[in-house]
Each structure stands twice: as C-alpha cells, then as structure tokens.
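J.: My structure file coords21.pdb, PDB, C-alpha atoms, is below:
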ATOM      1  CA  MET A  16      68.914 164.436  69.471
ATOM      2  CA  ALA A  17      66.367 166.456  67.484
ATOM      3  CA  ILE A  18      66.995 167.756  63.962
ATOM      4  CA  SER A  19      64.356 169.880  62.180
ATOM      5  CA  GLY A  20      61.745 168.739  64.674
ATOM      6  CA  ARG A  21      62.399 165.058  64.003
ATOM      7  CA  TYR A  22      63.680 162.633  66.631
ATOM      8  CA  THR A  23      67.145 161.254  65.952
ATOM      9  CA  PRO A  24      67.972 158.180  68.052
ATOM     10  CA  PRO A  25      71.414 158.137  69.692
ATOM     11  CA  THR A  26      74.146 155.945  68.276
ATOM     12  CA  LEU A  27      74.867 153.313  70.902
ATOM     13  CA  THR A  28      76.882 150.113  71.055
ATOM     14  CA  PRO A  29      75.084 146.760  71.332
ATOM     15  CA  THR A  30      75.995 146.754  75.027
ATOM     16  CA  GLY A  31      74.423 150.185  75.459
ATOM     17  CA  TRP A  32      71.127 149.054  73.966
ATOM     18  CA  THR A  33      71.204 145.930  76.130
ATOM     19  CA  ILE A  34      71.618 148.031  79.260
ATOM     20  CA  LEU A  35      68.662 150.217  78.305
ATOM     21  CA  GLY A  36      66.596 147.103  77.686
ATOM     22  CA  PHE A  37      67.292 145.585  81.073
ATOM     23  CA  LEU A  38      66.703 148.872  82.873
ATOM     24  CA  SER A  39      63.332 149.168  81.136
ATOM     25  CA  LEU A  40      62.298 146.087  83.112
ATOM     26  CA  SER A  41      63.647 147.044  86.536
ATOM     27  CA  PRO A  42      66.237 149.328  88.188
ATOM     28  CA  ARG A  43      69.520 147.485  88.620
ATOM     29  CA  ASN A  44      73.107 147.968  89.684
ATOM     30  CA  GLY A  45      76.086 147.025  87.536
ATOM     31  CA  TYR A  46      76.467 143.573  89.044
ATOM     32  CA  GLN A  47      72.810 142.773  88.440
ATOM     33  CA  LEU A  48      72.979 144.009  84.847
ATOM     34  CA  ARG A  49      75.922 141.716  84.161
ATOM     35  CA  ALA A  50      74.193 138.765  85.856
ATOM     36  CA  ALA A  51      70.958 139.392  83.954
ATOM     37  CA  ALA A  52      72.857 139.459  80.658
ATOM     38  CA  GLN A  53      74.625 136.201  81.467
ATOM     39  CA  ARG A  54      71.345 134.484  82.359
ATOM     40  CA  SER A  55      69.165 135.656  79.512
ATOM     41  CA  VAL A  56      71.257 136.730  76.516
ATOM     42  CA  GLY A  57      74.692 135.315  77.312
ATOM     43  CA  SER A  58      74.513 132.644  74.606
ATOM     44  CA  PHE A  59      73.919 135.131  71.790
ATOM     45  CA  TRP A  60      74.723 138.649  73.071
ATOM     46  CA  GLY A  61      77.718 138.826  75.387
ATOM     47  CA  VAL A  62      78.229 141.688  77.858
ATOM     48  CA  SER A  63      81.536 141.825  79.733
ATOM     49  CA  TYR A  64      82.426 143.925  82.777
ATOM     50  CA  GLY A  65      84.983 145.688  80.604
ATOM     51  CA  GLN A  66      82.155 146.831  78.331
ATOM     52  CA  LEU A  67      79.503 147.372  80.989
ATOM     53  CA  TYR A  68      80.885 150.061  83.264
ATOM     54  CA  PRO A  69      82.201 152.425  80.555
ATOM     55  CA  GLN A  70      78.806 152.119  78.880
ATOM     56  CA  LEU A  71      76.971 152.932  82.130
ATOM     57  CA  LYS A  72      79.063 156.080  82.425
ATOM     58  CA  ALA A  73      78.413 157.047  78.786
ATOM     59  CA  LEU A  74      74.663 156.417  79.078
ATOM     60  CA  ALA A  75      74.499 158.509  82.238
ATOM     61  CA  GLN A  76      76.372 161.369  80.553
ATOM     62  CA  ALA A  77      73.881 161.186  77.670
ATOM     63  CA  GLU A  78      71.062 161.330  80.264
ATOM     64  CA  LEU A  79      69.591 158.066  79.002
ATOM     65  CA  ILE A  80      69.925 156.520  82.451
ATOM     66  CA  GLY A  81      70.108 158.066  85.917
ATOM     67  CA  GLU A  82      71.046 157.019  89.413
ATOM     68  CA  THR A  83      68.263 155.919  91.737
ATOM     69  CA  ASP A  84      67.760 154.504  95.213
ATOM     70  CA  PRO A  85      67.805 150.699  95.517
ATOM     71  CA  PRO A  86      64.504 148.912  96.219
ATOM     72  CA  GLU A  87      63.825 148.261  99.881
ATOM     73  CA  GLN A  88      64.123 144.497  99.388
ATOM     74  CA  ALA A  89      67.492 144.722  97.666
ATOM     75  CA  GLU A  90      70.733 143.712  99.337
ATOM     76  CA  THR A  91      73.156 146.525  98.649
ATOM     77  CA  THR A  92      76.263 148.318  99.873
ATOM     78  CA  ALA A  93      77.289 151.957  99.855
ATOM     79  CA  ARG A  94      79.622 151.285  96.908
ATOM     80  CA  GLN A  95      76.885 150.133  94.546
ATOM     81  CA  ASN A  96      75.229 152.564  92.149
ATOM     82  CA  TRP A  97      71.687 151.743  91.123
ATOM     83  CA  TRP A  98      70.431 152.840  87.728
ATOM     84  CA  ARG A  99      67.035 153.559  86.205
ATOM     85  CA  LEU A 100      65.891 154.342  82.677
ATOM     86  CA  THR A 101      65.125 158.026  82.053
ATOM     87  CA  GLU A 102      62.366 159.307  79.755
ATOM     88  CA  ALA A 103      65.005 160.034  77.112
ATOM     89  CA  GLY A 104      66.357 156.508  77.483
ATOM     90  CA  ALA A 105      62.888 155.007  77.169
ATOM     91  CA  GLU A 106      62.238 157.031  74.008
ATOM     92  CA  ALA A 107      65.563 155.952  72.487
ATOM     93  CA  LEU A 108      64.839 152.313  73.336
ATOM     94  CA  ARG A 109      61.399 152.439  71.702
ATOM     95  CA  HIS A 110      62.876 153.828  68.466
ATOM     96  CA  TRP A 111      65.613 151.189  68.453
ATOM     97  CA  LEU A 112      63.076 148.387  68.967
ATOM     98  CA  LEU A 113      61.070 149.594  65.964
ATOM     99  CA  GLU A 114      64.085 149.653  63.657
ATOM    100  CA  PRO A 115      64.856 146.573  61.497
ATOM    101  CA  ALA A 116      67.379 144.295  63.181
ATOM    102  CA  ALA A 117      70.683 143.501  61.502
ATOM    103  CA  PRO A 118      70.785 140.131  59.688
ATOM    104  CA  THR A 119      71.766 137.245  61.935
ATOM    105  CA  GLN A 120      75.308 136.005  61.353
ATOM    106  CA  VAL A 121      76.445 132.691  62.825
ATOM    107  CA  ARG A 122      80.065 131.557  63.073
ATOM    108  CA  ASP A 123      80.238 127.842  63.913
ATOM    109  CA  GLU A 124      83.690 126.258  63.746
ATOM    110  CA  SER A 125      82.258 122.869  64.649
ATOM    111  CA  LEU A 126      80.122 122.806  61.493
ATOM    112  CA  VAL A 127      83.069 123.868  59.369
ATOM    113  CA  LYS A 128      85.080 120.970  60.811
ATOM    114  CA  LEU A 129      82.173 118.608  60.220
ATOM    115  CA  LEU A 130      81.998 119.691  56.577
ATOM    116  CA  PHE A 131      85.550 118.411  56.019
ATOM    117  CA  SER A 132      85.539 115.555  58.538
ATOM    118  CA  ASP A 133      85.414 112.837  55.839
ATOM    119  CA  HIS A 134      89.159 113.426  55.700
ATOM    120  CA  ALA A 135      89.507 112.361  59.362
ATOM    121  CA  GLY A 136      87.037 109.464  59.335
ATOM    122  CA  PRO A 137      83.811 108.503  61.118
ATOM    123  CA  GLU A 138      85.276 108.683  64.610
ATOM    124  CA  ALA A 139      86.060 112.352  64.124
ATOM    125  CA  MET A 140      82.499 112.885  62.896
ATOM    126  CA  ARG A 141      81.042 111.105  65.892
ATOM    127  CA  GLN A 142      83.168 113.140  68.310
ATOM    128  CA  LEU A 143      82.109 116.422  66.728
ATOM    129  CA  ILE A 144      78.476 115.409  67.024
ATOM    130  CA  ALA A 145      78.936 114.191  70.602
ATOM    131  CA  ASP A 146      80.430 117.565  71.518
ATOM    132  CA  ARG A 147      77.497 119.374  69.911
ATOM    133  CA  ARG A 148      75.050 117.131  71.773
ATOM    134  CA  GLU A 149      76.701 117.974  75.103
ATOM    135  CA  GLN A 150      76.667 121.705  74.375
ATOM    136  CA  ALA A 151      73.023 121.627  73.258
ATOM    137  CA  THR A 152      72.043 119.716  76.391
ATOM    138  CA  GLN A 153      73.745 122.347  78.541
ATOM    139  CA  ARG A 154      72.030 125.189  76.642
ATOM    140  CA  ARG A 155      68.642 123.562  77.114
ATOM    141  CA  GLN A 156      69.240 123.079  80.836
ATOM    142  CA  VAL A 157      70.323 126.697  81.242
ATOM    143  CA  ALA A 158      67.288 127.977  79.326
ATOM    144  CA  GLU A 159      64.859 125.768  81.227
ATOM    145  CA  ALA A 160      66.215 127.092  84.528
ATOM    146  CA  ILE A 161      65.482 130.709  83.560
ATOM    147  CA  VAL A 162      62.423 132.266  85.202
ATOM    148  CA  PRO A 163      61.978 135.791  83.788
ATOM    149  CA  GLY A 164      61.749 138.349  86.565
ATOM    150  CA  ALA A 165      62.782 135.909  89.304
ATOM    151  CA  HIS A 166      65.840 137.977  90.259
ATOM    152  CA  TRP A 167      64.052 141.302  90.578
ATOM    153  CA  PRO A 168      64.344 142.745  94.082
ATOM    154  CA  THR A 169      60.601 143.509  94.065
ATOM    155  CA  LEU A 170      59.492 140.010  93.083
ATOM    156  CA  GLY A 171      57.938 139.377  96.489
ATOM    157  CA  SER A 172      55.666 142.390  96.195
ATOM    158  CA  THR A 173      52.308 142.484  94.452
ATOM    159  CA  GLU A 174      53.762 144.855  91.847
ATOM    160  CA  GLY A 175      56.729 142.571  91.258
ATOM    161  CA  ARG A 176      54.557 139.496  90.710
ATOM    162  CA  ALA A 177      52.298 141.397  88.321
ATOM    163  CA  ARG A 178      55.263 142.622  86.279
ATOM    164  CA  GLN A 179      56.733 139.121  86.140
ATOM    165  CA  ALA A 180      53.455 137.729  84.789
ATOM    166  CA  GLY A 181      53.558 140.304  81.986
ATOM    167  CA  LEU A 182      57.022 139.384  80.686
ATOM    168  CA  LEU A 183      55.766 137.688  77.525
ATOM    169  CA  ALA A 184      58.780 138.744  75.434
ATOM    170  CA  ALA A 185      61.221 137.240  77.949
ATOM    171  CA  TRP A 186      59.297 133.973  77.939
ATOM    172  CA  LEU A 187      59.392 133.984  74.123
ATOM    173  CA  VAL A 188      63.191 134.321  74.158
ATOM    174  CA  ARG A 189      63.396 131.477  76.692
ATOM    175  CA  ALA A 190      61.202 129.290  74.477
ATOM    176  CA  HIS A 191      63.399 130.142  71.479
ATOM    177  CA  ALA A 192      66.527 128.981  73.286
ATOM    178  CA  ILE A 193      64.867 125.714  74.349
ATOM    179  CA  THR A 194      63.496 125.069  70.857
ATOM    180  CA  LEU A 195      66.894 125.641  69.222
ATOM    181  CA  ALA A 196      68.598 123.328  71.703
ATOM    182  CA  GLU A 197      66.013 120.607  71.130
ATOM    183  CA  ALA A 198      66.346 120.998  67.362
ATOM    184  CA  GLU A 199      70.111 120.588  67.693
ATOM    185  CA  LEU A 200      69.640 117.441  69.781
ATOM    186  CA  SER A 201      67.235 116.056  67.172
ATOM    187  CA  TRP A 202      69.771 116.791  64.439
ATOM    188  CA  CYS A 203      72.505 115.020  66.458
ATOM    189  CA  ALA A 204      70.361 111.886  66.601
ATOM    190  CA  THR A 205      69.742 112.080  62.849
ATOM    191  CA  ALA A 206      73.443 112.602  62.142
ATOM    192  CA  GLU A 207      74.445 109.610  64.268
ATOM    193  CA  SER A 208      71.919 107.438  62.404
ATOM    194  CA  MET A 209      73.266 108.619  59.057
ATOM    195  CA  ILE A 210      76.830 107.774  60.093
ATOM    196  CA  ALA A 211      75.773 104.313  61.284
ATOM    197  CA  GLU A 212      73.902 103.616  58.035
ATOM    198  CA  HIS A 213      76.849 104.844  55.975
ATOM    199  CA  ASN A 214      79.296 102.638  57.866
ATOM    200  CA  ALA A 215      76.982  99.643  57.479
ATOM    201  CA  ASP A 216      76.762 100.189  53.726
ATOM    202  CA  GLN A 217      80.534 100.547  53.514
ATOM    203  CA  GLY A 218      80.937  97.278  55.400
ATOM    204  CA  LYS A 219      78.673  95.444  52.969
ATOM    205  CA  GLN A 220      80.641  96.716  50.001
ATOM    206  CA  SER A 221      84.039  95.727  51.397
TER     207      SER A 221
END
As structure tokens, what does this structure read like?

T.:
Amino acid sequence: MAISGRYTPPTLTPTGWTILGFLSLSPRNGYQLRAAAQRSVGSFWGVSYGQLYPQLKALAQAELIGETDPPEQAETTARQNWWRLTEAGAEALRHWLLEPAAPTQVRDESLVKLLFSDHAGPEAMRQLIADRREQATQRRQVAEAIVPGAHWPTLGSTEGRARQAGLLAAWLVRAHAITLAEAELSWCATAESMIAEHNADQGKQS
C-alpha cells in the first residue's frame, strides 16, 4: 500500500469501510456486524449478508482485520469467527475518514409522485403524505431506541461503560436521524394544512 514512501489507502467497497468502522469500536462476529449495521446505519447505508461475508474474507486477506478470541461475556459457538481491526486496518480507516465524502444523493419515489399528484387529486396527495408520516414516525422510534454501545459484550465492565460514554459520533448520528424524522413530521403537518387551505379556497370559488 506504499508508493514512493507515501501511504496509499486500499480501495474498498462501502461495505468494507463499514466493517472497518464497526470493528474500530469493538471486536465482533459476522452476525453482530450485520445487526449493528441494521440498528445504526440501516436507513442510509445497507449491509446485507450477501455482501458481508465475502467482504470479511477479503479484508482478512488484505490483513486489515484479523481473527480474535470472543470477549468473556459474549455468547458464542464454535462456528462463529470473531474479528478485530488490525493496525493496517486502523490506518486505512483513518485515511478514509479524512477524505472528502461523496455528495449525498437521495432517490425518493414518494416525492416524485407528490410532484405530479395534482393529476390524481387531493386524496392521492393526502395518502402520500400519510404514508410519509407513518414512515417518519417509525424512523424516529427506531432512532430513539438506539443506545450506542449497548450491544457490546463488554458493556457490563468498567472499560465497556467508559467506551460507551465516549461514543460522541454515534450519538451525533442518532440525533441526526431523530432530527430528520421530526423535520419530516413537521413538513407533513404543513403539507396537510396547505391541502386543506387549497380545498377550502376551491370550494369558495365553485
């Protein structure tokens, strides 16, 4: 990974970087990595089992992660492999974190439908907004239930509690998810008021 004395970060998939990130917080097995991704980044950065295990193998071959013994408190079986971040993996992760992130791209079919929903009438508009309200409520509930570090096997130890208290970045991501959900709910209320006002004006004109 070094060219002319300069560090060259490895080229990894988004799933690969996600795995390195989670292993920087705590050793985990494949099941725990998948569960952690579902809890914390599932709404904006999906990680499937089909992606996870080939990536674990590739990261191990690149010596960015290595096998380790499970924590004493962990429930495990002989078939589970536990993984830790290596020094090379930690160095690669640091370089990736310092690089500019790709621009955010959002694909939202519901908003596209809403843009053209005058053609279907106010009931179609109201249903689209009701669906968005339900989804935003669910996202807020999921985010509010997240406690960063709560699923670490070492949480009950003094070290585990100290590490959990230091997870500022994870709490920031949680707050972001809650704020976005609440903003969506506020917009839904505004949209419903706008539809009601529009229908009232239309009724006066008819």

J.: Quick one: of A:Thr119, A:Ser132, A:Thr205, A:Asn96, who's nearest to Arg148 in chain A, counting all atoms listed in the file?

T.: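 Smallest distance to Arg148 in chain A is found for A:Thr205.
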
J.: List the residues selected by the PyMOL selection byres ((chain A and resi 101) around 10) in the file shown, writing them as a count of residues only.

T.: 18

J.: Take the PyMOL selection byres ((chain A and resi 70) around 9), apply it to the structure above, and return the hits as an MDAnalysis selection string.

T.: chainID A and resid 27:28 30:31 34 66:69 71:75

J.: Using the chain letters and numbering of this document, enumerate as a VMD selection string the residues selected by the PyMOL selection byres ((chain A and resi 180-197) around 10).

T.: chain A and resid 40 55 to 56 58 to 59 147 to 148 150 to 164 175 to 179 198 to 203

J.: Filtering to C-alpha atoms, could you give me those residues as a CSV table (one decimal), keeping the file's coordinate frame?

T.:
chain,number,residue,atom,x,y,z
A,40,LEU,CA,62.3,146.1,83.1
A,55,SER,CA,69.2,135.7,79.5
A,56,VAL,CA,71.3,136.7,76.5
A,58,SER,CA,74.5,132.6,74.6
A,59,PHE,CA,73.9,135.1,71.8
A,147,ARG,CA,77.5,119.4,69.9
A,148,ARG,CA,75.0,117.1,71.8
A,150,GLN,CA,76.7,121.7,74.4
A,151,ALA,CA,73.0,121.6,73.3
A,152,THR,CA,72.0,119.7,76.4
A,153,GLN,CA,73.7,122.3,78.5
A,154,ARG,CA,72.0,125.2,76.6
A,155,ARG,CA,68.6,123.6,77.1
A,156,GLN,CA,69.2,123.1,80.8
A,157,VAL,CA,70.3,126.7,81.2
A,158,ALA,CA,67.3,128.0,79.3
A,159,GLU,CA,64.9,125.8,81.2
A,160,ALA,CA,66.2,127.1,84.5
A,161,ILE,CA,65.5,130.7,83.6
A,162,VAL,CA,62.4,132.3,85.2
A,163,PRO,CA,62.0,135.8,83.8
A,164,GLY,CA,61.7,138.3,86.6
A,175,GLY,CA,56.7,142.6,91.3
A,176,ARG,CA,54.6,139.5,90.7
A,177,ALA,CA,52.3,141.4,88.3
A,178,ARG,CA,55.3,142.6,86.3
A,179,GLN,CA,56.7,139.1,86.1
A,198,ALA,CA,66.3,121.0,67.4
A,199,GLU,CA,70.1,120.6,67.7
A,200,LEU,CA,69.6,117.4,69.8
A,201,SER,CA,67.2,116.1,67.2
A,202,TRP,CA,69.8,116.8,64.4
A,203,CYS,CA,72.5,115.0,66.5

J.: May I have the residues within 10 Å of Glu207 in chain A as number ranges by chain, using all atoms listed in the file and disregarding those fewer than 5 positions away in the same chain?

T.: A: 137, 140-141, 144-145, 202, 212-213

J.: Separation of CA of Pro85 in chain A and CA of Trp60 in chain A, in Å?

T.: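 Those two atoms sit 26.4 Å apart.
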
J.: Which value, in Å to one decimal, gives the distance between CA of Arg54 in chain A and CA of Ser41 in chain A?

T.: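 Calculated distance between CA of Arg54 in chain A and CA of Ser41 in chain A is 15.3 Å.
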
J.: Separation of CA of Pro42 in chain A and CA of Pro115 in chain A, in Å?

T.: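 If I compute the distance from CA of Pro42 in chain A to CA of Pro115 in chain A, I get 26.9 Å.
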
J.: What's around Gln95 in chain A at 10 Å? Count all atoms listed in the file, leave out sequence neighbours fewer than 6 positions away in its own chain, and write the answer as a PyMOL selection string.

T.: chain A and resi 43-46+85
